[in-house]
$ cat work.cif   # mmCIF, C-alpha atoms
data_work
loop_
_atom_site.group_PDB
_atom_site.id
_atom_site.type_symbol
_atom_site.label_atom_id
_atom_site.label_comp_id
_atom_site.auth_asym_id
_atom_site.auth_seq_id
_atom_site.Cartn_x
_atom_site.Cartn_y
_atom_site.Cartn_z
ATOM 1 C CA MET F 22 -10.184 -14.690 -34.852
ATOM 2 C CA VAL F 23 -7.758 -17.288 -33.619
ATOM 3 C CA TYR F 24 -7.626 -17.855 -29.869
ATOM 4 C CA PHE F 25 -4.867 -19.699 -28.075
ATOM 5 C CA LEU F 26 -6.190 -21.531 -25.046
ATOM 6 C CA SER F 27 -4.388 -23.285 -22.205
ATOM 7 C CA LEU F 28 -6.066 -26.277 -20.592
ATOM 8 C CA GLY F 29 -5.024 -28.032 -17.407
ATOM 9 C CA SER F 30 -6.237 -30.720 -15.038
ATOM 10 C CA ASN F 31 -4.779 -32.272 -11.899
ATOM 11 C CA LEU F 32 -7.721 -34.329 -10.619
ATOM 12 C CA GLY F 33 -9.332 -37.475 -11.951
ATOM 13 C CA GLU F 34 -8.639 -38.844 -15.416
ATOM 14 C CA ARG F 35 -6.634 -35.798 -16.497
ATOM 15 C CA GLU F 36 -5.895 -36.718 -20.123
ATOM 16 C CA GLN F 37 -9.461 -37.926 -20.714
ATOM 17 C CA THR F 38 -10.850 -34.696 -19.223
ATOM 18 C CA LEU F 39 -8.633 -32.603 -21.515
ATOM 19 C CA ARG F 40 -9.693 -34.620 -24.564
ATOM 20 C CA HIS F 41 -13.345 -34.158 -23.634
ATOM 21 C CA ALA F 42 -12.783 -30.407 -23.132
ATOM 22 C CA MET F 43 -11.193 -30.219 -26.585
ATOM 23 C CA GLN F 44 -14.261 -31.889 -28.120
ATOM 24 C CA GLN F 45 -16.511 -29.382 -26.373
ATOM 25 C CA ILE F 46 -14.350 -26.454 -27.520
ATOM 26 C CA GLU F 47 -14.605 -27.663 -31.102
ATOM 27 C CA GLN F 48 -18.387 -28.113 -30.866
ATOM 28 C CA GLN F 49 -19.173 -24.883 -29.012
ATOM 29 C CA ILE F 50 -16.479 -22.407 -30.085
ATOM 30 C CA GLY F 51 -15.027 -23.466 -33.429
ATOM 31 C CA PRO F 52 -12.555 -25.700 -35.229
ATOM 32 C CA VAL F 53 -9.347 -26.534 -33.409
ATOM 33 C CA LEU F 54 -6.507 -25.647 -35.779
ATOM 34 C CA ARG F 55 -3.636 -27.040 -33.720
ATOM 35 C CA CYS F 56 -3.204 -28.845 -30.417
ATOM 36 C CA SER F 57 -0.012 -29.408 -28.444
ATOM 37 C CA SER F 58 1.172 -32.584 -26.825
ATOM 38 C CA PHE F 59 0.345 -33.214 -23.189
ATOM 39 C CA TYR F 60 2.727 -31.436 -20.845
ATOM 40 C CA TYR F 61 3.052 -32.481 -17.198
ATOM 41 C CA SER F 62 3.902 -29.976 -14.498
ATOM 42 C CA GLU F 63 3.894 -29.359 -10.791
ATOM 43 C CA PRO F 64 1.163 -27.076 -9.426
ATOM 44 C CA TRP F 65 1.877 -23.363 -9.849
ATOM 45 C CA GLY F 66 0.970 -21.010 -7.006
ATOM 46 C CA PHE F 67 -0.009 -23.687 -4.481
ATOM 47 C CA ASP F 68 1.162 -26.984 -2.994
ATOM 48 C CA SER F 69 -0.448 -30.256 -3.989
ATOM 49 C CA PRO F 70 0.717 -33.839 -4.538
ATOM 50 C CA ASN F 71 -1.342 -33.896 -7.762
ATOM 51 C CA THR F 72 0.626 -33.218 -10.952
ATOM 52 C CA PHE F 73 -1.056 -31.248 -13.721
ATOM 53 C CA CYS F 74 -1.575 -32.396 -17.271
ATOM 54 C CA ASN F 75 -1.638 -29.375 -19.602
ATOM 55 C CA LEU F 76 -1.974 -28.600 -23.283
ATOM 56 C CA CYS F 77 -2.520 -25.586 -25.519
ATOM 57 C CA CYS F 78 -4.716 -25.328 -28.572
ATOM 58 C CA ALA F 79 -5.510 -22.820 -31.298
ATOM 59 C CA VAL F 80 -9.183 -22.421 -32.126
ATOM 60 C CA GLU F 81 -10.757 -20.372 -34.907
ATOM 61 C CA THR F 82 -14.062 -18.614 -34.331
ATOM 62 C CA THR F 83 -16.072 -15.514 -35.055
ATOM 63 C CA ILE F 84 -17.248 -15.034 -31.474
ATOM 64 C CA SER F 85 -15.965 -12.290 -29.191
ATOM 65 C CA PRO F 86 -13.398 -12.750 -26.411
ATOM 66 C CA LEU F 87 -16.140 -12.388 -23.775
ATOM 67 C CA GLU F 88 -18.264 -15.048 -25.496
ATOM 68 C CA VAL F 89 -15.253 -17.384 -25.645
ATOM 69 C CA LEU F 90 -14.675 -16.786 -21.919
ATOM 70 C CA HIS F 91 -18.305 -17.536 -21.037
ATOM 71 C CA THR F 92 -18.269 -20.651 -23.218
ATOM 72 C CA THR F 93 -15.048 -21.998 -21.700
ATOM 73 C CA GLN F 94 -16.440 -21.369 -18.206
ATOM 74 C CA ALA F 95 -19.590 -23.324 -19.133
ATOM 75 C CA ILE F 96 -17.404 -26.170 -20.425
ATOM 76 C CA GLU F 97 -15.470 -26.135 -17.134
ATOM 77 C CA ARG F 98 -18.717 -26.399 -15.145
ATOM 78 C CA ALA F 99 -19.996 -29.218 -17.387
ATOM 79 C CA LEU F 100 -16.761 -31.117 -16.706
ATOM 80 C CA GLY F 101 -17.106 -30.815 -12.943
ATOM 81 C CA ARG F 102 -15.449 -27.544 -12.013
ATOM 82 C CA THR F 103 -17.345 -26.082 -9.079
ATOM 83 C CA HIS F 104 -15.417 -22.847 -8.424
ATOM 84 C CA LYS F 105 -12.725 -20.651 -9.906
ATOM 85 C CA SER F 106 -9.440 -21.319 -8.176
ATOM 86 C CA THR F 107 -8.443 -17.676 -8.366
ATOM 87 C CA ALA F 108 -11.173 -16.687 -5.934
ATOM 88 C CA TYR F 109 -9.790 -14.322 -3.359
ATOM 89 C CA ALA F 110 -9.423 -15.548 0.199
ATOM 90 C CA THR F 111 -10.784 -12.301 1.659
ATOM 91 C CA GLN F 112 -11.990 -9.031 0.232
ATOM 92 C CA ALA F 113 -8.967 -7.303 1.816
ATOM 93 C CA SER F 114 -6.522 -9.666 0.141
ATOM 94 C CA SER F 115 -5.364 -9.269 -3.428
ATOM 95 C CA THR F 116 -3.526 -12.602 -3.344
ATOM 96 C CA PRO F 117 -5.290 -15.253 -5.404
ATOM 97 C CA ARG F 118 -5.937 -18.650 -3.889
ATOM 98 C CA TYR F 119 -5.366 -21.613 -6.194
ATOM 99 C CA ALA F 120 -6.573 -25.176 -5.659
ATOM 100 C CA ASP F 121 -6.691 -28.597 -7.295
ATOM 101 C CA ARG F 122 -9.184 -28.766 -10.159
ATOM 102 C CA THR F 123 -10.654 -31.153 -12.681
ATOM 103 C CA ILE F 124 -10.325 -28.608 -15.485
ATOM 104 C CA ASP F 125 -9.050 -25.102 -16.068
ATOM 105 C CA ILE F 126 -9.331 -23.339 -19.422
ATOM 106 C CA ASP F 127 -7.605 -19.982 -19.867
ATOM 107 C CA LEU F 128 -7.625 -17.619 -22.827
ATOM 108 C CA ILE F 129 -3.950 -16.829 -23.419
ATOM 109 C CA ARG F 130 -3.668 -14.870 -26.668
ATOM 110 C CA ALA F 131 -5.896 -13.888 -29.580
ATOM 111 C CA PHE F 132 -5.219 -12.692 -33.125
ATOM 112 C CA ASP F 133 -7.601 -11.011 -35.538
ATOM 113 C CA GLU F 134 -8.083 -11.927 -39.207
ATOM 114 C CA HIS F 135 -5.079 -9.739 -40.145
ATOM 115 C CA GLY F 136 -2.752 -11.524 -37.736
ATOM 116 C CA GLN F 137 -2.689 -8.614 -35.283
ATOM 117 C CA GLU F 138 -2.684 -9.544 -31.614
ATOM 118 C CA VAL F 139 -5.841 -8.568 -29.790
ATOM 119 C CA MET F 140 -5.231 -6.631 -26.600
ATOM 120 C CA CYS F 141 -8.215 -6.054 -24.363
ATOM 121 C CA GLN F 142 -9.335 -5.797 -20.794
ATOM 122 C CA ILE F 143 -12.939 -6.563 -19.950
ATOM 123 C CA GLU F 144 -14.225 -5.351 -16.593
ATOM 124 C CA ASP F 145 -16.957 -6.997 -14.555
ATOM 125 C CA PRO F 146 -19.822 -4.468 -14.408
ATOM 126 C CA ASP F 147 -21.400 -6.295 -11.454
ATOM 127 C CA THR F 148 -18.438 -5.964 -9.105
ATOM 128 C CA PRO F 149 -16.786 -2.554 -9.132
ATOM 129 C CA ALA F 150 -13.094 -2.311 -8.217
ATOM 130 C CA SER F 151 -12.631 -6.021 -8.799
ATOM 131 C CA LYS F 152 -10.094 -7.691 -10.980
ATOM 132 C CA PRO F 153 -11.031 -7.721 -14.671
ATOM 133 C CA LEU F 154 -13.016 -10.634 -16.070
ATOM 134 C CA LEU F 155 -10.545 -11.020 -18.921
ATOM 135 C CA ILE F 156 -7.206 -9.597 -19.991
ATOM 136 C CA LEU F 157 -5.678 -10.465 -23.367
ATOM 137 C CA PRO F 158 -2.952 -11.402 -23.698
ATOM 138 C CA HIS F 159 -3.066 -13.262 -20.399
ATOM 139 C CA PRO F 160 -0.828 -11.257 -18.045
ATOM 140 C CA LEU F 161 1.003 -14.287 -16.571
ATOM 141 C CA TRP F 162 1.465 -16.567 -19.580
ATOM 142 C CA GLN F 163 5.174 -15.814 -20.001
ATOM 143 C CA GLN F 164 5.840 -16.757 -16.356
ATOM 144 C CA ARG F 165 4.321 -20.218 -16.672
ATOM 145 C CA ASP F 166 6.283 -22.988 -18.372
ATOM 146 C CA PHE F 167 3.131 -25.123 -18.467
ATOM 147 C CA VAL F 168 1.769 -22.506 -20.888
ATOM 148 C CA LYS F 169 4.954 -21.396 -22.672
ATOM 149 C CA VAL F 170 6.155 -24.877 -23.657
ATOM 150 C CA PRO F 171 2.924 -26.215 -25.214
ATOM 151 C CA LEU F 172 2.152 -22.801 -26.709
ATOM 152 C CA ALA F 173 5.544 -22.696 -28.421
ATOM 153 C CA GLU F 174 4.791 -26.136 -29.872
ATOM 154 C CA ILE F 175 1.743 -24.855 -31.752
ATOM 155 C CA MET F 176 2.639 -21.221 -32.353
ATOM 156 C CA LYS F 177 5.453 -19.614 -34.245
ATOM 157 C CA ILE F 178 6.807 -17.430 -31.415
#
$ encode --input "work.cif" --output "structure tokens"
Amino acid sequence: MVYFLSLGSNLGEREQTLRHAMQQIEQQIGPVLRCSSFYYSEPWGFDSPNTFCNLCCAVETTISPLEVLHTTQAIERALGRTHKSTAYATQASSTPRYADRTIDIDLIRAFDEHGQEVMCQIEDPDTPASKPLLILPHPLWQQRDFVKVPLAEIMKI
């Protein structure tokens, strides 16, 4: 499988954090086939004076989408991420709350060994009626220039 990941950081040494995340992805998930240039963007979905540094990469692996998700979340924690920024403000609200972060790694798209796009939705068995743990392709990727631009750089789309 080939996974396309989006990485972003708007706190601390952003470029250094992304480079370190890429090293961890290569060590824990699989070889990085392609990596985009850095792309700088304003925060999306919240106000902050801190500009994001983003990139996209293609990584090849035999592990499942859920395993890739768990691994990227572990990498985020190792690099100082203390919470998911899409945590909901209240149980009654379906509006996500975003915040500044040292690192964010999202699974954007995945393709099997035949080049067919993987489409899946993985539910969280521990929290019924919650949002899914993972949806592929990522449902918002086409709305986000900080994903579309670096993704187009490394993918023939």
$ residues_around --input "work.cif" --residues "range 23-25 of chain F" --least-positions-apart "4" --cutoff "7 Å" --atoms "only C-alpha atoms" --output "PDB file with C-alpha atoms, keeping the file's coordinate frame"
ATOM      1  CA  CYS F  77      -2.520 -25.586 -25.519  1.00  0.00           C
ATOM      2  CA  CYS F  78      -4.716 -25.328 -28.572  1.00  0.00           C
ATOM      3  CA  ALA F  79      -5.510 -22.820 -31.298  1.00  0.00           C
ATOM      4  CA  VAL F  80      -9.183 -22.421 -32.126  1.00  0.00           C
ATOM      5  CA  GLU F  81     -10.757 -20.372 -34.907  1.00  0.00           C
ATOM      6  CA  THR F  82     -14.062 -18.614 -34.331  1.00  0.00           C
ATOM      7  CA  LEU F 128      -7.625 -17.619 -22.827  1.00  0.00           C
ATOM      8  CA  ILE F 129      -3.950 -16.829 -23.419  1.00  0.00           C
ATOM      9  CA  ARG F 130      -3.668 -14.870 -26.668  1.00  0.00           C
ATOM     10  CA  ALA F 131      -5.896 -13.888 -29.580  1.00  0.00           C
ATOM     11  CA  PHE F 132      -5.219 -12.692 -33.125  1.00  0.00           C
ATOM     12  CA  ASP F 133      -7.601 -11.011 -35.538  1.00  0.00           C
TER      13      ASP F 133
END
$ residues_around --input "work.cif" --residues "Phe167 in chain F" --least-positions-apart "2" --cutoff "10 Å" --atoms "all atoms listed in the file" --output "PyMOL selection string"
chain F and resi 27-29+59-65+73-77+162-165+169-172
$ resolve_selection --input "work.cif" --expression "the PyMOL selection byres ((chain F and resi 30-40) around 6)" --output "list of chain:residue names"
F:Gly29, F:His41, F:Ala42, F:Met43, F:Asn71, F:Thr72, F:Phe73, F:Cys74, F:Arg122, F:Thr123, F:Ile124
$ atom_distance --input "work.cif" --atom1 "CA of Ala120 in chain F" --atom2 "CA of Arg98 in chain F"
15.5 Å
$ atom_distance --input "work.cif" --atom1 "CA of Gln48 in chain F" --atom2 "CA of Ile143 in chain F"
24.8 Å
$ atom_distance --input "work.cif" --atom1 "CA of Ile175 in chain F" --atom2 "CA of Leu155 in chain F"
22.5 Å
$ decode --input "work.cif" --residues "range 127-157 of chain F" --atoms "C-alpha atoms" --output "PDB file, in the first residue's frame"
ATOM      1  CA  ASP F 127      -3.194  13.143   8.734  1.00  0.00           C
ATOM      2  CA  LEU F 128      -3.802  10.178   6.455  1.00  0.00           C
ATOM      3  CA  ILE F 129      -5.117  11.725   3.238  1.00  0.00           C
ATOM      4  CA  ARG F 130      -5.323   8.987   0.604  1.00  0.00           C
ATOM      5  CA  ALA F 131      -4.229   5.376   0.188  1.00  0.00           C
ATOM      6  CA  PHE F 132      -3.750   3.101  -2.819  1.00  0.00           C
ATOM      7  CA  ASP F 133      -3.443  -0.670  -2.894  1.00  0.00           C
ATOM      8  CA  GLU F 134      -0.826  -2.663  -4.822  1.00  0.00           C
ATOM      9  CA  HIS F 135      -2.994  -2.455  -7.975  1.00  0.00           C
ATOM     10  CA  GLY F 136      -3.197   1.333  -7.848  1.00  0.00           C
ATOM     11  CA  GLN F 137      -6.827   1.327  -6.702  1.00  0.00           C
ATOM     12  CA  GLU F 138      -7.761   3.966  -4.154  1.00  0.00           C
ATOM     13  CA  VAL F 139      -8.649   2.565  -0.764  1.00  0.00           C
ATOM     14  CA  MET F 140     -11.938   3.832   0.605  1.00  0.00           C
ATOM     15  CA  CYS F 141     -12.726   2.986   4.197  1.00  0.00           C
ATOM     16  CA  GLN F 142     -14.335   4.255   7.338  1.00  0.00           C
ATOM     17  CA  ILE F 143     -13.176   2.889  10.665  1.00  0.00           C
ATOM     18  CA  GLU F 144     -15.453   3.439  13.650  1.00  0.00           C
ATOM     19  CA  ASP F 145     -14.328   3.771  17.249  1.00  0.00           C
ATOM     20  CA  PRO F 146     -15.818   0.770  19.093  1.00  0.00           C
ATOM     21  CA  ASP F 147     -15.260   2.457  22.469  1.00  0.00           C
ATOM     22  CA  THR F 148     -17.386   5.524  21.781  1.00  0.00           C
ATOM     23  CA  PRO F 149     -20.676   4.796  20.047  1.00  0.00           C
ATOM     24  CA  ALA F 150     -22.239   7.522  17.888  1.00  0.00           C
ATOM     25  CA  SER F 151     -18.941   9.367  17.703  1.00  0.00           C
ATOM     26  CA  LYS F 152     -17.142  10.525  14.636  1.00  0.00           C
ATOM     27  CA  PRO F 153     -15.151   7.782  12.902  1.00  0.00           C
ATOM     28  CA  LEU F 154     -11.529   7.207  13.870  1.00  0.00           C
ATOM     29  CA  LEU F 155     -10.487   7.273  10.224  1.00  0.00           C
ATOM     30  CA  ILE F 156     -12.029   8.004   6.847  1.00  0.00           C
ATOM     31  CA  LEU F 157     -10.095   7.418   3.622  1.00  0.00           C
TER      32      LEU F 157
END
